[in-house]
Amino acid sequence: MKKHNYSAGPCILPQEVFEKSAQAILNFDGIDLSLLEISHRSKEFVAVMEEARALVLELLGLEGKGYQALFLHGGASLEFLMVPYNLMAANGKAAYLDTGTWASGAIKEAKHFGETIIVASSKPENYNHIPKNYTIPADANYFHCTSNNTIFGTQMKSFPQTNIPVVCDMSSDIFSRSLDFSKFDLIYAGAQKNMGPAGTTLVVVKEEILGKTNRYIPSMLDYQQHIDKESMYNTPPVFPIYASLLTLQWLKKLGGIPAIEKINEAKANLLYTEIDRNPLFSGTAAKEDRSNMNATFVLNNESHTETFDKLWKAAGISGLTGHRSVGGYRASMYNALPLESVQVLVDVMKDLENKI
Ligand SMILES: *Cc1c(COP(=O)(O)O)cnc(C)c1O
């Protein structure tokens with residue numbers, strides 16, 4: 001039987017995505033060839049790319065609003081660099097909100113391009129909350145934030161108002177909740193957290209913000225060149241893009257973001273209610289900032305670790321260990337994780353309480 005997969009990434013995908021993508025490797029779309037052995041410029045693959053790009057905009061409610069969706073290589077980590085390359089003017093400045101390991105990774109790259117202002121940071125408290133009430137300089141070229149902090153289990157519930165372009169790393173909560181996505185000028189996400197397998201990065205960019213810096217941008221790092229080449233500047237990662245398309249189709253069939261958001265809220269409520277009720281456990285993130293995707297928690301008494309670990313493993317749960325920088329446990333409840341899997345975890349937590 002399949003395990004209850006709480007992996008933080010690469011993560012669980014819908015079962016039908018695994019089945020259909022396995023089929024496509026053997027015989028893609030009934031053409032008697034594998035998806036892996038056909039040209040990315042074949043009409044069959046071009047159709048995949050076009051549908052995937054269009055479906056992204058449709059699901060985010062961004063059709064006809066001047067946005068382009070791109071499927072690139074290099075992971076979200078390459079976007080840490082591409083964003084300042086494309087958006088920070090020579091002698092310009094950018095504003096960053098430091099909410100975790102990934103945010104600080106983005107800051108590290110931006111610093112090489114110009115003045116990088118950290119508007120606020122929760123680092124002194126080991127990133128256990130999202131800073132609030134900070135000021136964004138009006139003369140910065142853009143503001144960068146991370147919507148969900150995968151490692152620390154915090155999530156931005158609201159986004160600041162500003163007149164400068166807003167860039168957001170949504171790697172671990174894209175397509176998980178309703179937002180007014182038109183408030184963002186550039187969104188990026190490594191596929192492997194909530195959309196597909198590792199190997200492609202989704203970038204959604206409002207085209208009008210590009211072309212405003214006067215620096216040379218290498219072709220592979222230039223969003224405009226990728227747009228002009230319809231996301232096929234070079235050979236795209238065909239398999240992760242196809243599997244991502246299957247996930248997006250699954251999501252659309254389910255009722256899109258509003259439908260999955262309800263399910264995600266139900267899962268998070270179920271688990272956080274137990275974390276708060278059960279005297280053996282504590283959550284590590286500030287309550288008002290708790291992530292609906294990654295719930296981080298610890299055992300109040302570490303001597304129960306062995307018993308708890310045995311119990312959840314025996315219940316068929318996988319991937320519950322917290323990130324090495326935080327310790328404890330992390331339950332990643334991405335879109336494809338069923339509510340039943342969360343119930344299994346909650347039952348194990350209750351079981352531990354009864355045994356002790
Ligand atoms: C995982 C993660 C990244 C890094 O993604 P890669 O695709 O491995 O480069 C960046 N940001 C966030 C929020 C993440 O969760």
# chains A, B, ... in the order shown; residues from 1 in each chain; ligands from 1
call {"tool": "residues_near_ligand", "arguments": {"ligand": "ligand 1", "cutoff": "6 Å", "atoms": "only C-alpha atoms and all ligand atoms", "output": "ChimeraX atom specification"}}
result
/A:75-77,102,148-150,169,171-172,190
call {"tool": "select_by_dssp", "arguments": {"residues": "range 107-194 of chain A", "states": "helix (DSSP H, G or I)", "output": "VMD selection string"}}
result
chain A and resid 107 to 110 123 to 125 181 to 183 191 to 193
call {"tool": "closest_atom_pairs", "arguments": {"of": "range 178-207 of chain A", "to": "range 54-63 of chain A", "cutoff": "12 Å", "atoms": "only C-alpha atoms", "output": "Markdown table"}}
result
| residue | atom | partner | partner_atom | distance |
| --- | --- | --- | --- | --- |
| A:Ser178 | CA | A:Leu60 | CA | 8.3 |
| A:Leu179 | CA | A:Leu60 | CA | 8.3 |
| A:Asp180 | CA | A:Gly61 | CA | 8.1 |
| A:Phe181 | CA | A:Leu60 | CA | 6.4 |
| A:Ser182 | CA | A:Leu62 | CA | 6.6 |
| A:Lys183 | CA | A:Leu62 | CA | 10.3 |
| A:Phe184 | CA | A:Leu62 | CA | 10.4 |
| A:Asp185 | CA | A:Leu62 | CA | 10.9 |
| A:Leu186 | CA | A:Leu62 | CA | 11.8 |
| A:Ile187 | CA | A:Leu60 | CA | 10.8 |
| A:Tyr188 | CA | A:Val56 | CA | 11.8 |
| A:Ala189 | CA | A:Val56 | CA | 11.9 |
| A:Met195 | CA | A:Val56 | CA | 10.5 |
| A:Leu202 | CA | A:Val56 | CA | 8.9 |
| A:Val203 | CA | A:Val56 | CA | 9.8 |
| A:Val204 | CA | A:Leu57 | CA | 8.1 |
| A:Val205 | CA | A:Leu62 | CA | 10.2 |
| A:Lys206 | CA | A:Leu62 | CA | 9.5 |
call {"tool": "write_last_selection", "arguments": {"atoms": "N, CA and C atoms", "output": "PDB file, in the first residue's frame"}}
result
ATOM      1  N   SER A 178      -6.274  30.823  -2.561  1.00  0.00           N
ATOM      2  CA  SER A 178      -6.721  31.946  -3.385  1.00  0.00           C
ATOM      3  C   SER A 178      -6.025  33.215  -2.937  1.00  0.00           C
ATOM      4  N   LEU A 179      -5.460  33.914  -3.887  1.00  0.00           N
ATOM      5  CA  LEU A 179      -4.868  35.230  -3.636  1.00  0.00           C
ATOM      6  C   LEU A 179      -5.223  36.074  -4.858  1.00  0.00           C
ATOM      7  N   ASP A 180      -5.124  37.382  -4.711  1.00  0.00           N
ATOM      8  CA  ASP A 180      -5.227  38.226  -5.902  1.00  0.00           C
ATOM      9  C   ASP A 180      -3.842  38.235  -6.543  1.00  0.00           C
ATOM     10  N   PHE A 181      -3.639  37.305  -7.465  1.00  0.00           N
ATOM     11  CA  PHE A 181      -2.292  37.136  -8.030  1.00  0.00           C
ATOM     12  C   PHE A 181      -1.876  38.335  -8.885  1.00  0.00           C
ATOM     13  N   SER A 182      -2.851  39.167  -9.257  1.00  0.00           N
ATOM     14  CA  SER A 182      -2.485  40.347 -10.064  1.00  0.00           C
ATOM     15  C   SER A 182      -1.776  41.410  -9.221  1.00  0.00           C
ATOM     16  N   LYS A 183      -1.732  41.198  -7.906  1.00  0.00           N
ATOM     17  CA  LYS A 183      -0.966  42.113  -7.050  1.00  0.00           C
ATOM     18  C   LYS A 183       0.538  41.849  -7.165  1.00  0.00           C
ATOM     19  N   PHE A 184       0.891  40.717  -7.767  1.00  0.00           N
ATOM     20  CA  PHE A 184       2.302  40.351  -7.912  1.00  0.00           C
ATOM     21  C   PHE A 184       2.740  40.618  -9.353  1.00  0.00           C
ATOM     22  N   ASP A 185       3.982  41.058  -9.494  1.00  0.00           N
ATOM     23  CA  ASP A 185       4.500  41.327 -10.832  1.00  0.00           C
ATOM     24  C   ASP A 185       5.353  40.181 -11.339  1.00  0.00           C
ATOM     25  N   LEU A 186       5.932  39.448 -10.409  1.00  0.00           N
ATOM     26  CA  LEU A 186       6.696  38.262 -10.805  1.00  0.00           C
ATOM     27  C   LEU A 186       6.558  37.214  -9.697  1.00  0.00           C
ATOM     28  N   ILE A 187       6.144  36.027 -10.108  1.00  0.00           N
ATOM     29  CA  ILE A 187       6.001  34.903  -9.172  1.00  0.00           C
ATOM     30  C   ILE A 187       6.897  33.794  -9.699  1.00  0.00           C
ATOM     31  N   TYR A 188       7.634  33.142  -8.808  1.00  0.00           N
ATOM     32  CA  TYR A 188       8.378  31.970  -9.274  1.00  0.00           C
ATOM     33  C   TYR A 188       8.210  30.829  -8.291  1.00  0.00           C
ATOM     34  N   ALA A 189       8.403  29.622  -8.796  1.00  0.00           N
ATOM     35  CA  ALA A 189       8.210  28.433  -7.965  1.00  0.00           C
ATOM     36  C   ALA A 189       8.930  27.246  -8.584  1.00  0.00           C
ATOM     37  N   MET A 195       3.644  21.159  -7.635  1.00  0.00           N
ATOM     38  CA  MET A 195       3.155  21.168  -9.011  1.00  0.00           C
ATOM     39  C   MET A 195       3.640  19.991  -9.839  1.00  0.00           C
ATOM     40  N   LEU A 202       8.587  27.267 -12.514  1.00  0.00           N
ATOM     41  CA  LEU A 202       7.558  28.121 -13.109  1.00  0.00           C
ATOM     42  C   LEU A 202       7.885  29.578 -12.804  1.00  0.00           C
ATOM     43  N   VAL A 203       7.831  30.409 -13.838  1.00  0.00           N
ATOM     44  CA  VAL A 203       7.954  31.858 -13.659  1.00  0.00           C
ATOM     45  C   VAL A 203       6.733  32.499 -14.305  1.00  0.00           C
ATOM     46  N   VAL A 204       6.054  33.341 -13.556  1.00  0.00           N
ATOM     47  CA  VAL A 204       4.917  34.086 -14.096  1.00  0.00           C
ATOM     48  C   VAL A 204       5.279  35.557 -13.970  1.00  0.00           C
ATOM     49  N   VAL A 205       5.387  36.220 -15.085  1.00  0.00           N
ATOM     50  CA  VAL A 205       5.905  37.589 -15.034  1.00  0.00           C
ATOM     51  C   VAL A 205       5.008  38.545 -15.824  1.00  0.00           C
ATOM     52  N   LYS A 206       4.821  39.721 -15.270  1.00  0.00           N
ATOM     53  CA  LYS A 206       4.086  40.778 -15.971  1.00  0.00           C
ATOM     54  C   LYS A 206       5.082  41.415 -16.932  1.00  0.00           C
TER      55      LYS A 206
END
call {"tool": "closest_atom_pairs", "arguments": {"of": "range 211-312 of chain A", "to": "range 157-165 of chain A", "cutoff": "12 Å", "atoms": "only C-alpha atoms", "output": "CSV"}}
result
residue,atom,partner,partner_atom,distance
A:Lys212,CA,A:Pro165,CA,12.0
A:Lys287,CA,A:Lys157,CA,11.4
A:Glu288,CA,A:Lys157,CA,8.3
A:Asp289,CA,A:Lys157,CA,6.8
A:Arg290,CA,A:Lys157,CA,8.9
A:Ser291,CA,A:Lys157,CA,8.8
A:Asn292,CA,A:Lys157,CA,10.2
call {"tool": "write_last_selection", "arguments": {"atoms": "all heavy atoms", "output": "PDB file, in the first residue's frame"}}
result
ATOM      1  N   LYS A 212      13.805  47.245 -18.227  1.00  0.00           N
ATOM      2  CA  LYS A 212      14.025  48.562 -17.616  1.00  0.00           C
ATOM      3  C   LYS A 212      15.419  48.728 -17.016  1.00  0.00           C
ATOM      4  O   LYS A 212      15.747  49.784 -16.514  1.00  0.00           O
ATOM      5  CB  LYS A 212      12.954  48.821 -16.557  1.00  0.00           C
ATOM      6  CG  LYS A 212      11.565  48.733 -17.160  1.00  0.00           C
ATOM      7  CD  LYS A 212      10.535  49.549 -16.452  1.00  0.00           C
ATOM      8  CE  LYS A 212       9.297  49.657 -17.334  1.00  0.00           C
ATOM      9  NZ  LYS A 212       8.056  49.579 -16.609  1.00  0.00           N
ATOM     10  N   LYS A 287       1.335  31.349  15.996  1.00  0.00           N
ATOM     11  CA  LYS A 287       0.024  30.844  15.547  1.00  0.00           C
ATOM     12  C   LYS A 287      -0.544  31.615  14.357  1.00  0.00           C
ATOM     13  O   LYS A 287      -1.082  31.025  13.423  1.00  0.00           O
ATOM     14  CB  LYS A 287      -0.973  30.866  16.705  1.00  0.00           C
ATOM     15  CG  LYS A 287      -0.805  29.639  17.593  1.00  0.00           C
ATOM     16  CD  LYS A 287      -1.949  29.446  18.549  1.00  0.00           C
ATOM     17  CE  LYS A 287      -1.615  28.260  19.463  1.00  0.00           C
ATOM     18  NZ  LYS A 287      -2.552  28.103  20.568  1.00  0.00           N
ATOM     19  N   GLU A 288      -0.434  32.946  14.403  1.00  0.00           N
ATOM     20  CA  GLU A 288      -1.080  33.719  13.323  1.00  0.00           C
ATOM     21  C   GLU A 288      -0.358  33.566  11.980  1.00  0.00           C
ATOM     22  O   GLU A 288      -0.911  33.925  10.948  1.00  0.00           O
ATOM     23  CB  GLU A 288      -1.226  35.198  13.711  1.00  0.00           C
ATOM     24  CG  GLU A 288       0.057  36.025  13.650  1.00  0.00           C
ATOM     25  CD  GLU A 288       0.870  36.006  14.954  1.00  0.00           C
ATOM     26  OE1 GLU A 288       0.653  35.118  15.806  1.00  0.00           O
ATOM     27  OE2 GLU A 288       1.746  36.879  15.104  1.00  0.00           O
ATOM     28  N   ASP A 289       0.840  33.019  12.008  1.00  0.00           N
ATOM     29  CA  ASP A 289       1.615  32.872  10.766  1.00  0.00           C
ATOM     30  C   ASP A 289       1.759  31.416  10.333  1.00  0.00           C
ATOM     31  O   ASP A 289       2.526  31.111   9.411  1.00  0.00           O
ATOM     32  CB  ASP A 289       3.022  33.468  10.949  1.00  0.00           C
ATOM     33  CG  ASP A 289       3.000  34.935  11.327  1.00  0.00           C
ATOM     34  OD1 ASP A 289       2.123  35.658  10.817  1.00  0.00           O
ATOM     35  OD2 ASP A 289       3.862  35.361  12.125  1.00  0.00           O
ATOM     36  N   ARG A 290       1.047  30.536  10.970  1.00  0.00           N
ATOM     37  CA  ARG A 290       1.219  29.117  10.662  1.00  0.00           C
ATOM     38  C   ARG A 290       0.898  28.785   9.206  1.00  0.00           C
ATOM     39  O   ARG A 290      -0.106  29.228   8.661  1.00  0.00           O
ATOM     40  CB  ARG A 290       0.279  28.293  11.543  1.00  0.00           C
ATOM     41  CG  ARG A 290       0.804  28.078  12.939  1.00  0.00           C
ATOM     42  CD  ARG A 290      -0.269  27.381  13.749  1.00  0.00           C
ATOM     43  NE  ARG A 290       0.303  26.834  14.976  1.00  0.00           N
ATOM     44  CZ  ARG A 290      -0.432  26.231  15.901  1.00  0.00           C
ATOM     45  NH1 ARG A 290      -1.750  26.086  15.737  1.00  0.00           N
ATOM     46  NH2 ARG A 290       0.142  25.755  16.981  1.00  0.00           N
ATOM     47  N   SER A 291       1.763  27.966   8.653  1.00  0.00           N
ATOM     48  CA  SER A 291       1.600  27.574   7.255  1.00  0.00           C
ATOM     49  C   SER A 291       0.568  26.460   7.112  1.00  0.00           C
ATOM     50  O   SER A 291       0.554  25.512   7.881  1.00  0.00           O
ATOM     51  CB  SER A 291       2.942  27.077   6.721  1.00  0.00           C
ATOM     52  OG  SER A 291       2.766  26.415   5.493  1.00  0.00           O
ATOM     53  N   ASN A 292      -0.268  26.581   6.085  1.00  0.00           N
ATOM     54  CA  ASN A 292      -1.199  25.497   5.777  1.00  0.00           C
ATOM     55  C   ASN A 292      -0.527  24.397   4.956  1.00  0.00           C
ATOM     56  O   ASN A 292      -1.118  23.354   4.711  1.00  0.00           O
ATOM     57  CB  ASN A 292      -2.410  26.027   5.009  1.00  0.00           C
ATOM     58  CG  ASN A 292      -3.417  26.668   5.942  1.00  0.00           C
ATOM     59  OD1 ASN A 292      -3.221  26.694   7.157  1.00  0.00           O
ATOM     60  ND2 ASN A 292      -4.497  27.186   5.380  1.00  0.00           N
TER      61      ASN A 292
END
call {"tool": "select_by_dssp", "arguments": {"residues": "range 113-205 of chain A", "states": "strand (DSSP E or B)", "output": "ChimeraX atom specification"}}
result
/A:115-121,143-146,148-149,154-155,166-169,186-190,201-205
call {"tool": "write_last_selection", "arguments": {"atoms": "N, CA and C atoms", "output": "PDB file, in the first residue's frame"}}
result
ATOM      1  N   GLU A 115      22.401  47.714  -4.224  1.00  0.00           N
ATOM      2  CA  GLU A 115      22.044  47.903  -2.821  1.00  0.00           C
ATOM      3  C   GLU A 115      20.828  47.032  -2.486  1.00  0.00           C
ATOM      4  N   THR A 116      20.997  46.188  -1.497  1.00  0.00           N
ATOM      5  CA  THR A 116      19.931  45.251  -1.143  1.00  0.00           C
ATOM      6  C   THR A 116      19.497  45.547   0.284  1.00  0.00           C
ATOM      7  N   ILE A 117      18.292  46.077   0.401  1.00  0.00           N
ATOM      8  CA  ILE A 117      17.806  46.504   1.711  1.00  0.00           C
ATOM      9  C   ILE A 117      16.927  45.412   2.302  1.00  0.00           C
ATOM     10  N   ILE A 118      17.269  44.993   3.516  1.00  0.00           N
ATOM     11  CA  ILE A 118      16.431  44.009   4.203  1.00  0.00           C
ATOM     12  C   ILE A 118      15.418  44.802   5.032  1.00  0.00           C
ATOM     13  N   VAL A 119      14.170  44.812   4.597  1.00  0.00           N
ATOM     14  CA  VAL A 119      13.173  45.672   5.254  1.00  0.00           C
ATOM     15  C   VAL A 119      12.832  45.164   6.651  1.00  0.00           C
ATOM     16  N   ALA A 120      12.938  43.837   6.851  1.00  0.00           N
ATOM     17  CA  ALA A 120      12.712  43.245   8.175  1.00  0.00           C
ATOM     18  C   ALA A 120      13.208  41.808   8.130  1.00  0.00           C
ATOM     19  N   SER A 121      13.544  41.275   9.310  1.00  0.00           N
ATOM     20  CA  SER A 121      14.028  39.901   9.376  1.00  0.00           C
ATOM     21  C   SER A 121      13.568  39.247  10.675  1.00  0.00           C
ATOM     22  N   PHE A 143      10.247  44.793  -4.651  1.00  0.00           N
ATOM     23  CA  PHE A 143      10.192  44.205  -3.313  1.00  0.00           C
ATOM     24  C   PHE A 143      10.084  42.698  -3.474  1.00  0.00           C
ATOM     25  N   HIS A 144      10.914  41.952  -2.739  1.00  0.00           N
ATOM     26  CA  HIS A 144      10.919  40.487  -2.850  1.00  0.00           C
ATOM     27  C   HIS A 144      10.494  39.849  -1.525  1.00  0.00           C
ATOM     28  N   CYS A 145       9.576  38.888  -1.606  1.00  0.00           N
ATOM     29  CA  CYS A 145       9.179  38.160  -0.399  1.00  0.00           C
ATOM     30  C   CYS A 145       8.988  36.678  -0.724  1.00  0.00           C
ATOM     31  N   THR A 146       8.858  35.888   0.306  1.00  0.00           N
ATOM     32  CA  THR A 146       8.688  34.428   0.187  1.00  0.00           C
ATOM     33  C   THR A 146       7.343  34.100   0.829  1.00  0.00           C
ATOM     34  N   ASN A 148       5.708  31.355   1.500  1.00  0.00           N
ATOM     35  CA  ASN A 148       5.613  30.245   2.444  1.00  0.00           C
ATOM     36  C   ASN A 148       7.018  29.742   2.765  1.00  0.00           C
ATOM     37  N   ASN A 149       7.330  29.688   4.045  1.00  0.00           N
ATOM     38  CA  ASN A 149       8.676  29.296   4.460  1.00  0.00           C
ATOM     39  C   ASN A 149       8.678  27.820   4.815  1.00  0.00           C
ATOM     40  N   THR A 154       6.118  28.824   8.373  1.00  0.00           N
ATOM     41  CA  THR A 154       5.350  30.072   8.436  1.00  0.00           C
ATOM     42  C   THR A 154       4.888  30.453   7.033  1.00  0.00           C
ATOM     43  N   GLN A 155       3.807  31.218   6.982  1.00  0.00           N
ATOM     44  CA  GLN A 155       3.217  31.592   5.690  1.00  0.00           C
ATOM     45  C   GLN A 155       2.691  33.017   5.785  1.00  0.00           C
ATOM     46  N   VAL A 166       6.219  43.823  -7.137  1.00  0.00           N
ATOM     47  CA  VAL A 166       6.324  42.821  -6.075  1.00  0.00           C
ATOM     48  C   VAL A 166       6.714  41.474  -6.693  1.00  0.00           C
ATOM     49  N   VAL A 167       7.789  40.903  -6.163  1.00  0.00           N
ATOM     50  CA  VAL A 167       8.294  39.609  -6.621  1.00  0.00           C
ATOM     51  C   VAL A 167       8.095  38.618  -5.491  1.00  0.00           C
ATOM     52  N   CYS A 168       7.578  37.443  -5.797  1.00  0.00           N
ATOM     53  CA  CYS A 168       7.326  36.494  -4.712  1.00  0.00           C
ATOM     54  C   CYS A 168       7.800  35.088  -5.064  1.00  0.00           C
ATOM     55  N   ASP A 169       8.572  34.505  -4.173  1.00  0.00           N
ATOM     56  CA  ASP A 169       8.937  33.092  -4.263  1.00  0.00           C
ATOM     57  C   ASP A 169       7.782  32.298  -3.659  1.00  0.00           C
ATOM     58  N   LEU A 186       5.932  39.448 -10.409  1.00  0.00           N
ATOM     59  CA  LEU A 186       6.696  38.262 -10.805  1.00  0.00           C
ATOM     60  C   LEU A 186       6.558  37.214  -9.697  1.00  0.00           C
ATOM     61  N   ILE A 187       6.144  36.027 -10.108  1.00  0.00           N
ATOM     62  CA  ILE A 187       6.001  34.903  -9.172  1.00  0.00           C
ATOM     63  C   ILE A 187       6.897  33.794  -9.699  1.00  0.00           C
ATOM     64  N   TYR A 188       7.634  33.142  -8.808  1.00  0.00           N
ATOM     65  CA  TYR A 188       8.378  31.970  -9.274  1.00  0.00           C
ATOM     66  C   TYR A 188       8.210  30.829  -8.291  1.00  0.00           C
ATOM     67  N   ALA A 189       8.403  29.622  -8.796  1.00  0.00           N
ATOM     68  CA  ALA A 189       8.210  28.433  -7.965  1.00  0.00           C
ATOM     69  C   ALA A 189       8.930  27.246  -8.584  1.00  0.00           C
ATOM     70  N   GLY A 190       9.806  26.608  -7.824  1.00  0.00           N
ATOM     71  CA  GLY A 190      10.352  25.321  -8.247  1.00  0.00           C
ATOM     72  C   GLY A 190       9.176  24.345  -8.303  1.00  0.00           C
ATOM     73  N   THR A 201      11.131  25.110 -13.325  1.00  0.00           N
ATOM     74  CA  THR A 201      10.720  26.207 -12.448  1.00  0.00           C
ATOM     75  C   THR A 201       9.668  27.012 -13.184  1.00  0.00           C
ATOM     76  N   LEU A 202       8.587  27.267 -12.514  1.00  0.00           N
ATOM     77  CA  LEU A 202       7.558  28.121 -13.109  1.00  0.00           C
ATOM     78  C   LEU A 202       7.885  29.578 -12.804  1.00  0.00           C
ATOM     79  N   VAL A 203       7.831  30.409 -13.838  1.00  0.00           N
ATOM     80  CA  VAL A 203       7.954  31.858 -13.659  1.00  0.00           C
ATOM     81  C   VAL A 203       6.733  32.499 -14.305  1.00  0.00           C
ATOM     82  N   VAL A 204       6.054  33.341 -13.556  1.00  0.00           N
ATOM     83  CA  VAL A 204       4.917  34.086 -14.096  1.00  0.00           C
ATOM     84  C   VAL A 204       5.279  35.557 -13.970  1.00  0.00           C
ATOM     85  N   VAL A 205       5.387  36.220 -15.085  1.00  0.00           N
ATOM     86  CA  VAL A 205       5.905  37.589 -15.034  1.00  0.00           C
ATOM     87  C   VAL A 205       5.008  38.545 -15.824  1.00  0.00           C
TER      88      VAL A 205
END
call {"tool": "residues_around", "arguments": {"residues": "Gln343 in chain A", "least_positions_apart": "6", "cutoff": "10 Å", "atoms": "only C-alpha atoms", "output": "number ranges by chain"}}
result
A: 267, 270-271, 349
call {"tool": "residues_around", "arguments": {"residues": "range 275-285 of chain A", "least_positions_apart": "2", "cutoff": "6 Å", "atoms": "only C-alpha atoms", "output": "PyMOL selection string"}}
result
chain A and resi 128+272-273+290+296-300
call {"tool": "write_last_selection", "arguments": {"atoms": "C-alpha atoms", "output": "PDB file, in the first residue's frame"}}
result
ATOM      1  CA  ASN A 128       9.441  31.480  13.859  1.00  0.00           C
ATOM      2  CA  TYR A 272      -3.068  22.113  14.206  1.00  0.00           C
ATOM      3  CA  THR A 273      -6.066  21.367  16.400  1.00  0.00           C
ATOM      4  CA  ARG A 290       1.219  29.117  10.662  1.00  0.00           C
ATOM      5  CA  THR A 296       6.332  22.294  12.180  1.00  0.00           C
ATOM      6  CA  PHE A 297       6.080  20.854  15.687  1.00  0.00           C
ATOM      7  CA  VAL A 298       8.112  19.234  18.450  1.00  0.00           C
ATOM      8  CA  LEU A 299       7.637  16.729  21.227  1.00  0.00           C
ATOM      9  CA  ASN A 300       7.651  18.567  24.555  1.00  0.00           C
TER      10      ASN A 300
END
call {"tool": "residues_around", "arguments": {"residues": "Leu311 in chain A", "least_positions_apart": "3", "cutoff": "8 Å", "atoms": "only C-alpha atoms", "output": "list in words"}}
result
Thr307, Phe308, Ala314, Ala315, Val348 and Leu352 of chain A
call {"tool": "write_last_selection", "arguments": {"atoms": "all heavy atoms", "output": "PDB file, in the first residue's frame"}}
result
ATOM      1  N   THR A 307       9.539   6.269  20.739  1.00  0.00           N
ATOM      2  CA  THR A 307       8.198   5.678  20.687  1.00  0.00           C
ATOM      3  C   THR A 307       7.372   6.323  19.575  1.00  0.00           C
ATOM      4  O   THR A 307       6.715   5.633  18.784  1.00  0.00           O
ATOM      5  CB  THR A 307       7.465   5.891  22.038  1.00  0.00           C
ATOM      6  OG1 THR A 307       8.385   5.623  23.083  1.00  0.00           O
ATOM      7  CG2 THR A 307       6.260   4.995  22.154  1.00  0.00           C
ATOM      8  N   PHE A 308       7.412   7.652  19.513  1.00  0.00           N
ATOM      9  CA  PHE A 308       6.620   8.347  18.495  1.00  0.00           C
ATOM     10  C   PHE A 308       7.095   7.952  17.089  1.00  0.00           C
ATOM     11  O   PHE A 308       6.279   7.641  16.212  1.00  0.00           O
ATOM     12  CB  PHE A 308       6.711   9.867  18.692  1.00  0.00           C
ATOM     13  CG  PHE A 308       5.891  10.656  17.708  1.00  0.00           C
ATOM     14  CD1 PHE A 308       4.530  10.388  17.510  1.00  0.00           C
ATOM     15  CD2 PHE A 308       6.469  11.688  16.964  1.00  0.00           C
ATOM     16  CE1 PHE A 308       3.771  11.121  16.609  1.00  0.00           C
ATOM     17  CE2 PHE A 308       5.718  12.423  16.054  1.00  0.00           C
ATOM     18  CZ  PHE A 308       4.371  12.143  15.878  1.00  0.00           C
ATOM     19  N   ALA A 314       5.221   2.847  11.718  1.00  0.00           N
ATOM     20  CA  ALA A 314       4.376   1.649  11.639  1.00  0.00           C
ATOM     21  C   ALA A 314       3.020   1.960  11.007  1.00  0.00           C
ATOM     22  O   ALA A 314       2.378   1.089  10.417  1.00  0.00           O
ATOM     23  CB  ALA A 314       4.175   1.061  13.034  1.00  0.00           C
ATOM     24  N   ALA A 315       2.586   3.215  11.113  1.00  0.00           N
ATOM     25  CA  ALA A 315       1.296   3.596  10.521  1.00  0.00           C
ATOM     26  C   ALA A 315       1.423   3.899   9.026  1.00  0.00           C
ATOM     27  O   ALA A 315       0.464   4.316   8.381  1.00  0.00           O
ATOM     28  CB  ALA A 315       0.729   4.809  11.265  1.00  0.00           C
ATOM     29  N   VAL A 348      -2.153   8.772  15.278  1.00  0.00           N
ATOM     30  CA  VAL A 348      -0.886   8.327  15.872  1.00  0.00           C
ATOM     31  C   VAL A 348      -0.518   9.229  17.052  1.00  0.00           C
ATOM     32  O   VAL A 348      -0.042   8.755  18.098  1.00  0.00           O
ATOM     33  CB  VAL A 348       0.244   8.323  14.805  1.00  0.00           C
ATOM     34  CG1 VAL A 348       1.607   8.206  15.463  1.00  0.00           C
ATOM     35  CG2 VAL A 348       0.041   7.182  13.819  1.00  0.00           C
ATOM     36  N   LEU A 352      -0.062   7.965  20.900  1.00  0.00           N
ATOM     37  CA  LEU A 352       1.108   8.207  21.744  1.00  0.00           C
ATOM     38  C   LEU A 352       0.683   8.712  23.121  1.00  0.00           C
ATOM     39  O   LEU A 352       1.186   8.260  24.151  1.00  0.00           O
ATOM     40  CB  LEU A 352       2.053   9.230  21.064  1.00  0.00           C
ATOM     41  CG  LEU A 352       3.343   9.528  21.847  1.00  0.00           C
ATOM     42  CD1 LEU A 352       4.299   8.330  21.783  1.00  0.00           C
ATOM     43  CD2 LEU A 352       4.043  10.775  21.311  1.00  0.00           C
TER      44      LEU A 352
END
call {"tool": "residues_around", "arguments": {"residues": "Phe152 in chain A", "least_positions_apart": "6", "cutoff": "9 Å", "atoms": "only C-alpha atoms", "output": "count of residues only"}}
result
17
call {"tool": "residues_around", "arguments": {"residues": "Ala110 in chain A", "least_positions_apart": "6", "cutoff": "8 Å", "atoms": "only C-alpha atoms", "output": "VMD selection string"}}
result
chain A and resid 80 to 81 84 94 116
